[in-house]
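Taking it in order: structure first as structure tokens, then the write-up.
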Amino acid sequence: MVPVAPATSPRTFPSAVRAFRWDGKGFACGVLMAPFFALLAVVFLAPAGTALWLSLFADDQSGLGFGPEQVSFVGLRSYLAVFGDPTFRSGLIVVGTFCLGYLPLLVLGSLALALLLDSGATRLRAWAQLGLFLPHAVPGIIAAIIWLYLYTPGISPVVSLLSAADIEVNLLGVRTVIPAMVNIALWTNLGYNTVVFYAALQPVPRDLTEAAVVDGAGPVRVALRIKAPLIRSSVVMVLLFSLMWTLQLFTEPMLLSNSTPVINSRFSPSMYIFDAAFTRNNYGLAAAASVVLLICTVGLSYLVTRWANRTGREAR
């Protein structure tokens, strides 16, 4: 007898076909994700695409420079001009130096304050959180103006006190201007990230910390070996967002440039873009610099994410 293959049951469809089946859950997910993708397209994709398009064009004059200006396709000429400009490269170095000084102090300082608040050694924790968070409620421009008043010789009480003690310090000098901006950024953002870390510490199981204390671990060891690793995802999130904010450094140097010649109009990449667009009216160059800054931000964010995922797997 020739064996007859059994009839195919509806339940034996290939898994690939079943994966594309649209059910109620898929529809609900699509509805819930639609606002996110709409905002992503309007707020990020459309401006990035517009900047990329503008970077490929420039206003050129015909007739050996004597004719009227007309928009023409220039390809990668604006990108070559950006990379060939030493002021843009120096701006990248400034931002890198600012990152090296600001990010470790921000992450480690806010984490230490959050662990201190969570340890119970601090009284009136709600008031302490409020006091730390209040500087973040001050707009960045106002904060920079306050610190500009404290940095400027002749009107600053801090500089006057140091001068009375025979200590002459130029807080806006060549070697001190970046630490001065780091101080402004720390004063503004330290409390906010402390609250973020403190909120992340609240779900940590207390039986783990109590078991560690019974085993003889001290408060410092409990904080560093148990609590801090459990909020690692929050630490990575703060580091990632702070990195993206730092690469867009603009407000602090722009306001401080009014009181010191150390900061010029192209001190940081964002100031370079502002100067190219609104001072030199070279929108193609500004768009190219914006695209370069976007690529640097995305690339560094990707590297931080990969590093965090790798160290997380090794920790497990």
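A note on labels: chains of the structure tokens are A, B, ... as shown, every chain counts residues from 1, and ligands are counted from 1 in their shown order.
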Need to verify the contact set: Pro135 in chain A, 10 Å, only C-alpha atoms, exclusion of same-chain residues closer than 6 positions in sequence. Can you return it as a PDB file with N, CA and C atoms, in the first residue's frame?
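Writing the result to selection35.pdb gives the following:
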ATOM      1  N   ALA A 143      20.337  81.024  35.327  1.00  0.00           N
ATOM      2  CA  ALA A 143      21.450  80.454  36.095  1.00  0.00           C
ATOM      3  C   ALA A 143      22.792  80.966  35.582  1.00  0.00           C
ATOM      4  N   LEU A 186      26.865  71.808  36.835  1.00  0.00           N
ATOM      5  CA  LEU A 186      26.667  70.971  38.020  1.00  0.00           C
ATOM      6  C   LEU A 186      25.623  71.571  38.951  1.00  0.00           C
ATOM      7  N   TRP A 187      25.718  72.874  39.190  1.00  0.00           N
ATOM      8  CA  TRP A 187      24.750  73.538  40.063  1.00  0.00           C
ATOM      9  C   TRP A 187      23.324  73.380  39.532  1.00  0.00           C
ATOM     10  N   THR A 188      23.174  73.344  38.222  1.00  0.00           N
ATOM     11  CA  THR A 188      21.851  73.260  37.622  1.00  0.00           C
ATOM     12  C   THR A 188      21.305  71.841  37.616  1.00  0.00           C
ATOM     13  N   ASN A 189      22.137  70.849  37.312  1.00  0.00           N
ATOM     14  CA  ASN A 189      21.649  69.506  37.016  1.00  0.00           C
ATOM     15  C   ASN A 189      21.928  68.467  38.091  1.00  0.00           C
ATOM     16  N   LEU A 190      22.762  68.778  39.072  1.00  0.00           N
ATOM     17  CA  LEU A 190      23.116  67.774  40.074  1.00  0.00           C
ATOM     18  C   LEU A 190      21.907  67.322  40.874  1.00  0.00           C
ATOM     19  N   GLY A 191      21.087  68.258  41.327  1.00  0.00           N
ATOM     20  CA  GLY A 191      19.933  67.897  42.141  1.00  0.00           C
ATOM     21  C   GLY A 191      18.899  67.090  41.383  1.00  0.00           C
ATOM     22  N   TYR A 192      18.679  67.421  40.123  1.00  0.00           N
ATOM     23  CA  TYR A 192      17.695  66.687  39.325  1.00  0.00           C
ATOM     24  C   TYR A 192      18.086  65.218  39.198  1.00  0.00           C
TER      25      TYR A 192
END
Report task. Find the residues around Phe88 in chain A up to 10 Å (only C-alpha atoms counted), leave out those fewer than 3 positions away in its own chain, and share them as a ChimeraX atom specification. Result -> /A:81-85,91-94,266-273,289
**Report entry** Residues near Tyr102 in chain A, cut-off 10 Å, only C-alpha atoms, skip fewer than 3 positions along chain, as number ranges by chain
**Finding:** A: 96-99, 105-107, 178-179, 181-183, 185-186, 242-243, 246
Selection file, N, CA and C atoms, as a PDB file, in the first residue's frame:
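What ended up in again.pdb:
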ATOM      1  N   GLY A  96      34.720  68.130  24.202  1.00  0.00           N
ATOM      2  CA  GLY A  96      35.290  66.918  24.772  1.00  0.00           C
ATOM      3  C   GLY A  96      35.900  67.162  26.140  1.00  0.00           C
ATOM      4  N   THR A  97      36.610  68.276  26.293  1.00  0.00           N
ATOM      5  CA  THR A  97      37.176  68.620  27.597  1.00  0.00           C
ATOM      6  C   THR A  97      36.085  68.869  28.623  1.00  0.00           C
ATOM      7  N   PHE A  98      35.025  69.540  28.198  1.00  0.00           N
ATOM      8  CA  PHE A  98      33.896  69.791  29.098  1.00  0.00           C
ATOM      9  C   PHE A  98      33.259  68.472  29.534  1.00  0.00           C
ATOM     10  N   CYS A  99      33.120  67.537  28.610  1.00  0.00           N
ATOM     11  CA  CYS A  99      32.535  66.227  28.952  1.00  0.00           C
ATOM     12  C   CYS A  99      33.391  65.491  29.980  1.00  0.00           C
ATOM     13  N   LEU A 105      31.790  64.050  37.373  1.00  0.00           N
ATOM     14  CA  LEU A 105      31.340  64.759  38.573  1.00  0.00           C
ATOM     15  C   LEU A 105      29.829  64.695  38.715  1.00  0.00           C
ATOM     16  N   LEU A 106      29.114  64.803  37.604  1.00  0.00           N
ATOM     17  CA  LEU A 106      27.655  64.773  37.673  1.00  0.00           C
ATOM     18  C   LEU A 106      27.146  63.403  38.094  1.00  0.00           C
ATOM     19  N   VAL A 107      27.590  62.352  37.415  1.00  0.00           N
ATOM     20  CA  VAL A 107      27.061  61.012  37.676  1.00  0.00           C
ATOM     21  C   VAL A 107      27.476  60.533  39.063  1.00  0.00           C
ATOM     22  N   ILE A 178      36.506  76.773  31.400  1.00  0.00           N
ATOM     23  CA  ILE A 178      35.780  75.495  31.292  1.00  0.00           C
ATOM     24  C   ILE A 178      35.370  74.978  32.667  1.00  0.00           C
ATOM     25  N   PRO A 179      36.255  74.979  33.697  1.00  0.00           N
ATOM     26  CA  PRO A 179      35.764  74.636  35.038  1.00  0.00           C
ATOM     27  C   PRO A 179      34.642  75.546  35.526  1.00  0.00           C
ATOM     28  N   MET A 181      32.280  76.835  33.645  1.00  0.00           N
ATOM     29  CA  MET A 181      31.059  76.346  32.997  1.00  0.00           C
ATOM     30  C   MET A 181      30.629  75.002  33.579  1.00  0.00           C
ATOM     31  N   VAL A 182      31.603  74.160  33.931  1.00  0.00           N
ATOM     32  CA  VAL A 182      31.267  72.891  34.595  1.00  0.00           C
ATOM     33  C   VAL A 182      30.550  73.150  35.907  1.00  0.00           C
ATOM     34  N   ASN A 183      30.993  74.148  36.645  1.00  0.00           N
ATOM     35  CA  ASN A 183      30.346  74.495  37.911  1.00  0.00           C
ATOM     36  C   ASN A 183      28.902  74.934  37.699  1.00  0.00           C
ATOM     37  N   ALA A 185      26.906  74.080  35.189  1.00  0.00           N
ATOM     38  CA  ALA A 185      26.123  72.912  34.790  1.00  0.00           C
ATOM     39  C   ALA A 185      25.862  71.983  35.970  1.00  0.00           C
ATOM     40  N   LEU A 186      26.865  71.808  36.835  1.00  0.00           N
ATOM     41  CA  LEU A 186      26.667  70.971  38.020  1.00  0.00           C
ATOM     42  C   LEU A 186      25.623  71.571  38.951  1.00  0.00           C
ATOM     43  N   SER A 242      22.876  63.021  29.747  1.00  0.00           N
ATOM     44  CA  SER A 242      23.819  64.094  30.069  1.00  0.00           C
ATOM     45  C   SER A 242      24.845  64.266  28.957  1.00  0.00           C
ATOM     46  N   LEU A 243      25.253  63.173  28.345  1.00  0.00           N
ATOM     47  CA  LEU A 243      26.191  63.258  27.226  1.00  0.00           C
ATOM     48  C   LEU A 243      25.571  64.013  26.056  1.00  0.00           C
ATOM     49  N   THR A 246      25.460  67.657  26.872  1.00  0.00           N
ATOM     50  CA  THR A 246      26.768  68.285  26.895  1.00  0.00           C
ATOM     51  C   THR A 246      27.258  68.596  25.489  1.00  0.00           C
TER      52      THR A 246
END
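Nearest to Arg225 in chain A of all the residues A:Met237, A:Thr194, A:Asp60, A:Leu208 is A:Leu208, counting only C-alpha atoms.
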**Report entry** Contact residues around Tyr79 in chain A with only C-alpha atoms at 12 Å, ignoring same-chain residues under 3 positions, as a PyMOL selection string
**Finding:** chain A and resi 52+54-58+74-76+82-85+88+284-293
Any chance you can output those residues with N, CA and C atoms as a tab-separated table (two decimals), in the first residue's frame?
chain	number	residue	atom	x	y	z
A	52	LEU	N	19.94	67.95	6.41
A	52	LEU	CA	20.74	67.20	5.44
A	52	LEU	C	20.54	67.74	4.03
A	54	LEU	N	19.56	70.89	3.19
A	54	LEU	CA	20.15	72.22	3.09
A	54	LEU	C	21.67	72.17	3.01
A	55	SER	N	22.27	71.16	3.64
A	55	SER	CA	23.74	71.09	3.63
A	55	SER	C	24.30	70.80	2.26
A	56	LEU	N	23.48	70.34	1.34
A	56	LEU	CA	23.95	70.03	-0.01
A	56	LEU	C	23.82	71.20	-0.97
A	57	PHE	N	23.33	72.34	-0.49
A	57	PHE	CA	23.13	73.51	-1.34
A	57	PHE	C	23.81	74.72	-0.71
A	58	ALA	N	24.06	75.73	-1.52
A	58	ALA	CA	24.69	76.96	-1.04
A	58	ALA	C	24.30	78.10	-1.97
A	74	VAL	N	25.89	71.92	-4.25
A	74	VAL	CA	27.35	71.91	-4.04
A	74	VAL	C	27.84	70.59	-3.50
A	75	GLY	N	26.96	69.64	-3.26
A	75	GLY	CA	27.38	68.33	-2.78
A	75	GLY	C	27.96	68.39	-1.38
A	76	LEU	N	29.16	67.86	-1.22
A	76	LEU	CA	29.81	67.78	0.09
A	76	LEU	C	30.75	68.95	0.36
A	82	VAL	N	33.50	72.53	6.78
A	82	VAL	CA	33.37	72.36	8.23
A	82	VAL	C	34.59	71.64	8.79
A	83	PHE	N	34.96	70.53	8.18
A	83	PHE	CA	36.10	69.77	8.70
A	83	PHE	C	37.42	70.51	8.49
A	84	GLY	N	37.48	71.38	7.50
A	84	GLY	CA	38.70	72.15	7.27
A	84	GLY	C	38.80	73.41	8.10
A	85	ASP	N	37.76	73.75	8.85
A	85	ASP	CA	37.77	74.95	9.67
A	85	ASP	C	38.38	74.62	11.03
A	88	PHE	N	36.02	74.97	14.16
A	88	PHE	CA	35.07	73.89	14.44
A	88	PHE	C	35.77	72.74	15.15
A	284	GLY	N	23.89	76.72	4.45
A	284	GLY	CA	24.42	75.43	4.05
A	284	GLY	C	25.52	74.96	4.97
A	285	LEU	N	26.41	75.89	5.36
A	285	LEU	CA	27.49	75.54	6.30
A	285	LEU	C	26.92	75.21	7.67
A	286	ALA	N	25.93	75.98	8.12
A	286	ALA	CA	25.31	75.69	9.42
A	286	ALA	C	24.61	74.34	9.41
A	287	ALA	N	23.94	74.01	8.31
A	287	ALA	CA	23.27	72.72	8.22
A	287	ALA	C	24.28	71.58	8.21
A	288	ALA	N	25.40	71.75	7.50
A	288	ALA	CA	26.42	70.71	7.48
A	288	ALA	C	27.02	70.49	8.86
A	289	ALA	N	27.30	71.59	9.57
A	289	ALA	CA	27.82	71.45	10.93
A	289	ALA	C	26.79	70.79	11.85
A	290	SER	N	25.52	71.07	11.64
A	290	SER	CA	24.47	70.44	12.44
A	290	SER	C	24.42	68.94	12.19
A	291	VAL	N	24.55	68.54	10.94
A	291	VAL	CA	24.55	67.10	10.61
A	291	VAL	C	25.77	66.42	11.23
A	292	VAL	N	26.92	67.07	11.17
A	292	VAL	CA	28.13	66.49	11.78
A	292	VAL	C	27.95	66.33	13.28
A	293	LEU	N	27.38	67.36	13.93
A	293	LEU	CA	27.14	67.27	15.37
A	293	LEU	C	26.13	66.18	15.69
Requested in this report: Kindly give the distance, in Å, that separates CA of Ala51 in chain A and CA of Phe73 in chain A, rounded to a single decimal.
Outcome: 14.1 Å
Query raised in the report: Pick the closest to Ser119 in chain A from A:Tyr149, A:Trp53, A:Tyr198, A:Phe133: which is it, counting only C-alpha atoms?
Result: A:Tyr198
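Closest approach to Gln129 in chain A among A:Trp147, A:Phe197, A:Phe250, A:Phe37: A:Phe197, based on only C-alpha atoms.
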Report task. Step one, run DSSP on the backbone; step two, keep only residues of range 38-212 of chain A assigned to strand (DSSP E); then write them as an MDAnalysis selection string. Result -> chainID A and resid 57:61 69:73
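Between Ala144 in chain A and the residues A:Asn258, A:Thr297, A:Asn309, A:Thr279, the shortest atom-to-atom distance, using only C-alpha atoms, involves A:Asn258.
Put simply, CA of Val95 in chain A is 6.2 Å away from CA of Leu247 in chain A.
Proximity to Ala228 in chain A was assessed for A:Val138, A:Leu132, A:Met244, A:Leu201 counting only C-alpha atoms; the smallest distance is recorded for A:Leu201.
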Requested in this report: Identify which of the residues A:Leu115, A:Cys296, A:Arg175, A:Asn281 lies closest to Ile226 in chain A, counting only C-alpha atoms when measuring atom-to-atom distances.
Outcome: A:Leu115
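Going from CA of Glu252 in chain A over to CA of Thr50 in chain A, you cover 27.2 Å.
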Requested in this report: Name the residues of range 98-270 of chain A that fall into helix (DSSP H, G or I) according to DSSP on the backbone, using the chain letters and numbers of this document, as an NGL selection string.
Outcome: :A and (98-118 or 125-137 or 140-151 or 157-164 or 177-201 or 206-214 or 219-230 or 232-247 or 251-256 or 269-270)
Requested in this report: For Asp59 in chain A, list every protein, DNA or RNA residue within 9 Å, evaluated using only C-alpha atoms, and leave out those in the same chain fewer than 3 positions away; present the list as an MDAnalysis selection string.
Outcome: chainID A and resid 69:73 282:284
Output file for the selection above: N, CA and C atoms, as an mmCIF file, in the first residue's frame:
data_model
loop_
_atom_site.group_PDB
_atom_site.id
_atom_site.type_symbol
_atom_site.label_atom_id
_atom_site.label_comp_id
_atom_site.auth_asym_id
_atom_site.auth_seq_id
_atom_site.Cartn_x
_atom_site.Cartn_y
_atom_site.Cartn_z
ATOM 1 N N GLU A 69 23.120 86.260 -6.484
ATOM 2 C CA GLU A 69 23.240 84.978 -5.789
ATOM 3 C C GLU A 69 22.109 84.049 -6.192
ATOM 4 N N GLN A 70 22.443 82.794 -6.332
ATOM 5 C CA GLN A 70 21.448 81.777 -6.629
ATOM 6 C C GLN A 70 21.817 80.489 -5.919
ATOM 7 N N VAL A 71 20.789 79.773 -5.516
ATOM 8 C CA VAL A 71 20.998 78.520 -4.797
ATOM 9 C C VAL A 71 21.431 77.446 -5.786
ATOM 10 N N SER A 72 22.518 76.781 -5.488
ATOM 11 C CA SER A 72 23.047 75.747 -6.372
ATOM 12 C C SER A 72 23.465 74.545 -5.554
ATOM 13 N N PHE A 73 23.457 73.403 -6.188
ATOM 14 C CA PHE A 73 23.860 72.157 -5.545
ATOM 15 C C PHE A 73 25.382 72.110 -5.461
ATOM 16 N N ASN A 282 25.207 81.814 6.267
ATOM 17 C CA ASN A 282 25.610 80.661 5.467
ATOM 18 C C ASN A 282 24.848 79.450 5.990
ATOM 19 N N TYR A 283 23.637 79.273 5.497
ATOM 20 C CA TYR A 283 22.775 78.220 6.022
ATOM 21 C C TYR A 283 23.249 76.833 5.604
ATOM 22 N N GLY A 284 23.887 76.720 4.452
ATOM 23 C CA GLY A 284 24.419 75.427 4.052
ATOM 24 C C GLY A 284 25.523 74.964 4.974
#
Report task. Name all residues at most 12 Å from Val236 in chain A (count only C-alpha atoms; drop same-chain ones fewer than 6 positions away) and give them as an NGL selection string. Result -> :A and (103 or 107-108 or 111 or 193 or 196-197 or 228-230 or 242-243 or 301-309 or 311-312)
Hey, can you spit out that residue selection with C-alpha atoms as a PDB file, in the first residue's frame?
ATOM      1  CA  LEU A 103      30.092  63.867  33.288  1.00  0.00           C
ATOM      2  CA  VAL A 107      27.061  61.012  37.676  1.00  0.00           C
ATOM      3  CA  LEU A 108      29.239  60.161  40.678  1.00  0.00           C
ATOM      4  CA  LEU A 111      24.755  58.948  42.796  1.00  0.00           C
ATOM      5  CA  ASN A 193      19.783  63.569  38.722  1.00  0.00           C
ATOM      6  CA  VAL A 196      16.265  60.386  39.611  1.00  0.00           C
ATOM      7  CA  PHE A 197      18.714  58.066  41.367  1.00  0.00           C
ATOM      8  CA  ALA A 228      24.471  50.834  43.016  1.00  0.00           C
ATOM      9  CA  PRO A 229      24.546  47.722  40.732  1.00  0.00           C
ATOM     10  CA  LEU A 230      20.759  47.348  41.041  1.00  0.00           C
ATOM     11  CA  SER A 242      23.819  64.094  30.069  1.00  0.00           C
ATOM     12  CA  LEU A 243      26.191  63.258  27.226  1.00  0.00           C
ATOM     13  CA  SER A 301      25.329  57.496  22.333  1.00  0.00           C
ATOM     14  CA  TYR A 302      25.584  54.181  20.504  1.00  0.00           C
ATOM     15  CA  LEU A 303      29.052  53.540  21.945  1.00  0.00           C
ATOM     16  CA  VAL A 304      27.830  54.293  25.464  1.00  0.00           C
ATOM     17  CA  THR A 305      24.882  51.929  24.996  1.00  0.00           C
ATOM     18  CA  ARG A 306      27.094  49.142  23.654  1.00  0.00           C
ATOM     19  CA  TRP A 307      29.557  49.629  26.506  1.00  0.00           C
ATOM     20  CA  ALA A 308      26.740  49.520  29.053  1.00  0.00           C
ATOM     21  CA  ASN A 309      25.276  46.333  27.548  1.00  0.00           C
ATOM     22  CA  THR A 311      29.561  45.509  31.034  1.00  0.00           C
ATOM     23  CA  GLY A 312      26.085  44.386  32.110  1.00  0.00           C
TER      24      GLY A 312
END
